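Everything on this sheet refers to the single structure shown next.
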Amino acid sequence: MIKVGIVGGTGYTGVELLRILVQHPKVRLKVITSRQESGMGVDELFPSLRGQVALKFSDPAQADLSQCDLVFFATPNGVAMQQTKKLLDVGVKVIDLAADFRIKDVAEWEKWYGMQHASPELVAEAVYGLPEVNREKIRQARLIANPGCYPTAVQLGFLPLIEAGIVDVDHLVADTKSGVSGAGRKAEVHTLFAEAADNFKSYGVPGHRHLPEIRQGLGARSQKPVGLTFVPHLTPMIRGIHATLYARLLKETDLQALYEERYIDEPFVDVLPAGSHPQTRSVRGSNFCRIAVHRPQGGDMVVVLSVTDNLVKGAAGQAVQNMNIMYGLPETMGIKHVPLLP
Ligand SMILES: NC(=O)C1=CN([C@@H]2O[C@H](COP(=O)(O)OP(=O)(O)OC[C@H]3O[C@@H](n4cnc5c(N)ncnc54)[C@H](OP(=O)(O)O)[C@@H]3O)[C@@H](O)[C@H]2O)C=CC1
Ligand SMILES: CC(=O)N[C@@H](CCC(=O)OP(=O)(O)O)C(=O)O
């Protein structure tokens with residue numbers, strides 16, 4: 001059994017990890033932290049977990065994480081980078097759901113995240129945990145930088161085009177929409193019901209911190225830097241990401257065959273039949289990314305539609321997929337949930 005700790009067990013990604021891990025046949029939960037709820041039973045705070053987990057939240061300052069084989073950080077940016085070295089030094093593996101180890105250029109990371117990196121020496125070692133690209137490196141890793149929610153949907157959508165070298169990579173466009181849980185569980189005015197419900201807005205147009213992450217991932221697959229316009233939107237649903245991606249085609253290609261072949265062996269990427277329009281509710285609560293590729297009116301613009309659940313393939317599910325790969329388990333173990341309908 002893998003002894004697991006979760007730092008930040010009361011946030012949306014933390015409790016999603018709990019929902020998944022309580023039913024994972026190879027995991028024993030040892031520590032779950034929260035500063036605010038320290039001492040409270042996990043199932044007191046989350047009655048949905050009654051009968052599934054007997055632990056209490058512990059204070060992260062007191063918690064003994066060294067008893068774990070693996071620790072997930074489901075914490076705000078800047079937390080994991082303070083504690084990871086100490087854990088790795090005593091043989092504990094780390095999966096960070098935040099962005100501390102995602103960007104290889106530390107100066108670039110510091111610019112976008114507005115803080116000094118506490119462990120720059122670990123950044124090169126960290127493996128970016130997108131299994132569809134880095135599966136072999138993930139197998140050997142002791143530190144995983146789990147991708148962001150938008151970057152997962154956008155990269156999986158663009159990858160077949162970029163890898164085949166058939167689109168103009170200087171002018172990619174990603175128009176993305178996220179449910180409100182993407183902003184986390186902490187109280188903030190813009191996520192209040194009366195602000196977010198019955199409303200729709202873009203944000204971060206001059207520059208969102210996922211832009212360098214997506215550019216880094218796609219640039220590595222295209223062998224040259226990519227130009228990307230990335231526009232996120234907040235939409236009044238709870239879970240889900242819908243990415244509408246645009247690229248100009250440079251070479252005549254059977255796009256449906258390209259996508260189907262690229263993802264034929266991927267357990268969590270589902271290429272829909274030609275002409276499909278994927279919906280966020282077709283992936284809700286599941287680790288799937290569903291993709292459709294279009295070429296409207298047979299013109300030279302490719303439109304790719306990519307949907308995920310931001311808390312599952314966009315965060316906790318992908319983190320467990322990475323854990324499965326790191327420990328040589330079947331990659332789908334514990335994350336075969338069928339999407340929730342309605
Ligand atoms: N929500 C999403 O869709 C996605 C989120 N992510 C990333 O995952 C991480 C977690 O996100 P999310 O679950 O939404 O965030 P939340 O705000 O919902 O939860 C944050 C959690 O971290 C704990 N925490 C906060 N500050 C500290 C600290 N200094 N030390 C230890 N624990 C702390 C909180 O509990 P307490 O304050 O009680 O300690 C809480 O349990 C973030 O970095 C986010 O960017 C990534 C992909 C998708
Ligand atoms: C709707 C919403 O607010 N989404 C968040 C992104 C989600 C996320 O948590 O991403 P990271 O892990 O990279 O921080 C945002 O745009 O800031």
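Chain labels A, B, ... are given in the sequence in which chains occur in the structure tokens; within each chain residues are numbered consecutively from 1, and ligands are likewise numbered from 1 in the order shown.
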Step by step, measure atom-to-atom distances between ligand 1 and each residue using only C-alpha atoms and all ligand atoms, keep those at most 8 Å, then write them as an MDAnalysis selection string. chainID A and resid 7:15 33:38 59:60 73:79 96:99 146:150 181:186 239 310:311 314:316
Considering only C-alpha atoms, tabulate each residue of segment 115-149 of chain A that lies at most 8 Å from segment 325-338 of chain A along with its nearest interatomic pair and the corresponding distance in Å to one decimal; arrange the rows by chain and ascending residue number and present them as CSV.
```
residue,atom,partner,partner_atom,distance
A:Arg135,CA,A:Ile325,CA,7.3
A:Ile138,CA,A:Met326,CA,5.9
A:Arg139,CA,A:Met326,CA,4.4
A:Gln140,CA,A:Met326,CA,6.5
A:Ala141,CA,A:Met326,CA,6.7
A:Arg142,CA,A:Met326,CA,7.9
```
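Of the listed residues (A:Phe57, A:Phe268, A:Phe46, A:Phe72), A:Phe72 comes nearest to Val320 of chain A; the distances count only C-alpha atoms.
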Measuring between only C-alpha atoms and all ligand atoms, which one of A:His190, A:His171, A:Arg50, A:His294 shows the shortest distance to ligand 2? A:His190
When DSSP works through the backbone of this structure, what residues of segment 97-269 of chain A end up as helix (DSSP H, G or I), shown as a PyMOL selection string? chain A and resi 106-113+120-123+131-140+149-164+180-183+189-191+193-196+210-222+255-262
What's around Arg102 of chain A at 8 Å? Count only C-alpha atoms, leave out sequence neighbours fewer than 5 positions away in its own chain, and write the answer as a PyMOL selection string. chain A and resi 123+126+128+145-147+213
Counting only C-alpha atoms, the option among A:Arg290, A:Lys137, A:Lys251, A:Lys93 closest to Val167 of chain A: A:Lys251
I'd like to know which residues of segment 46-266 of chain A are strand (DSSP E or B) (by DSSP, run on the backbone); could you write them as a PyMOL selection string? chain A and resi 56+58+70-73+93-96+127-128+143-145+167+172-178+201-202+228-234+241-249
Residues of segment 137-246 of chain A within 12 Å of segment 274-277 of chain A: nearest atom pair and distance (Å, one decimal) for each, counting only C-alpha atoms, sorted by chain and number, as CSV?
```
residue,atom,partner,partner_atom,distance
A:His242,CA,A:His277,CA,10.6
A:Ala243,CA,A:His277,CA,11.5
A:Thr244,CA,A:His277,CA,10.5
```
Any idea what's packed within 7 Å of Gly204 of chain A, counting only C-alpha atoms, ignoring anything in its chain fewer than 3 positions away? Could you give it as an NGL selection string? :A and (207-208 or 231-232)
Any idea what's packed within 10 Å of Glu252 of chain A, counting only C-alpha atoms, ignoring anything in its chain fewer than 2 positions away? Could you give it as a PyMOL selection string? chain A and resi 166+249-250+254-255+300
Could the residues in this selection be saved with C-alpha atoms as a CSV table (one decimal), in the first residue's frame?
```
chain,number,residue,atom,x,y,z
A,166,ILE,CA,0.8,21.3,-39.9
A,249,LEU,CA,-3.8,24.8,-41.3
A,250,LEU,CA,-0.6,24.9,-43.5
A,254,ASP,CA,-7.0,14.1,-42.5
A,255,LEU,CA,-7.5,15.8,-39.2
A,300,ASP,CA,-7.9,26.7,-43.6
```
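Here the question is which of A:His117, A:Lys111, A:His210, A:Lys56 gets nearest to ligand 2 using only C-alpha atoms and all ligand atoms, and that residue is A:His210.
Coordinates place atom CA of Asn324 of chain A at a distance of 10.2 Å from atom CA of Ile2 of chain A.
Closest approach to Glu260 of chain A among A:Gly285, A:Lys3, A:Ala292, A:Asp100: A:Ala292, based on only C-alpha atoms.
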Near-Lys201 of chain A list (8 Å; only C-alpha atoms; drop same-chain fewer than 5 positions) as an NGL selection string: :A and (233-235)
Quick one: residues within 12 Å of Leu29 of chain A, only C-alpha atoms, excluding same-chain residues fewer than 4 positions away - as a VMD selection string? chain A and resid 1 to 7 9 17 to 25 33 42 52 to 57 65 67 to 72
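For the atom pair formed by atom CA of Trp112 of chain A and atom CA of Leu211 of chain A, the distance is 9.4 Å, given to one decimal.
Here atom CA of Asp198 of chain A and atom CA of Phe288 of chain A stand 27.3 Å from one another.
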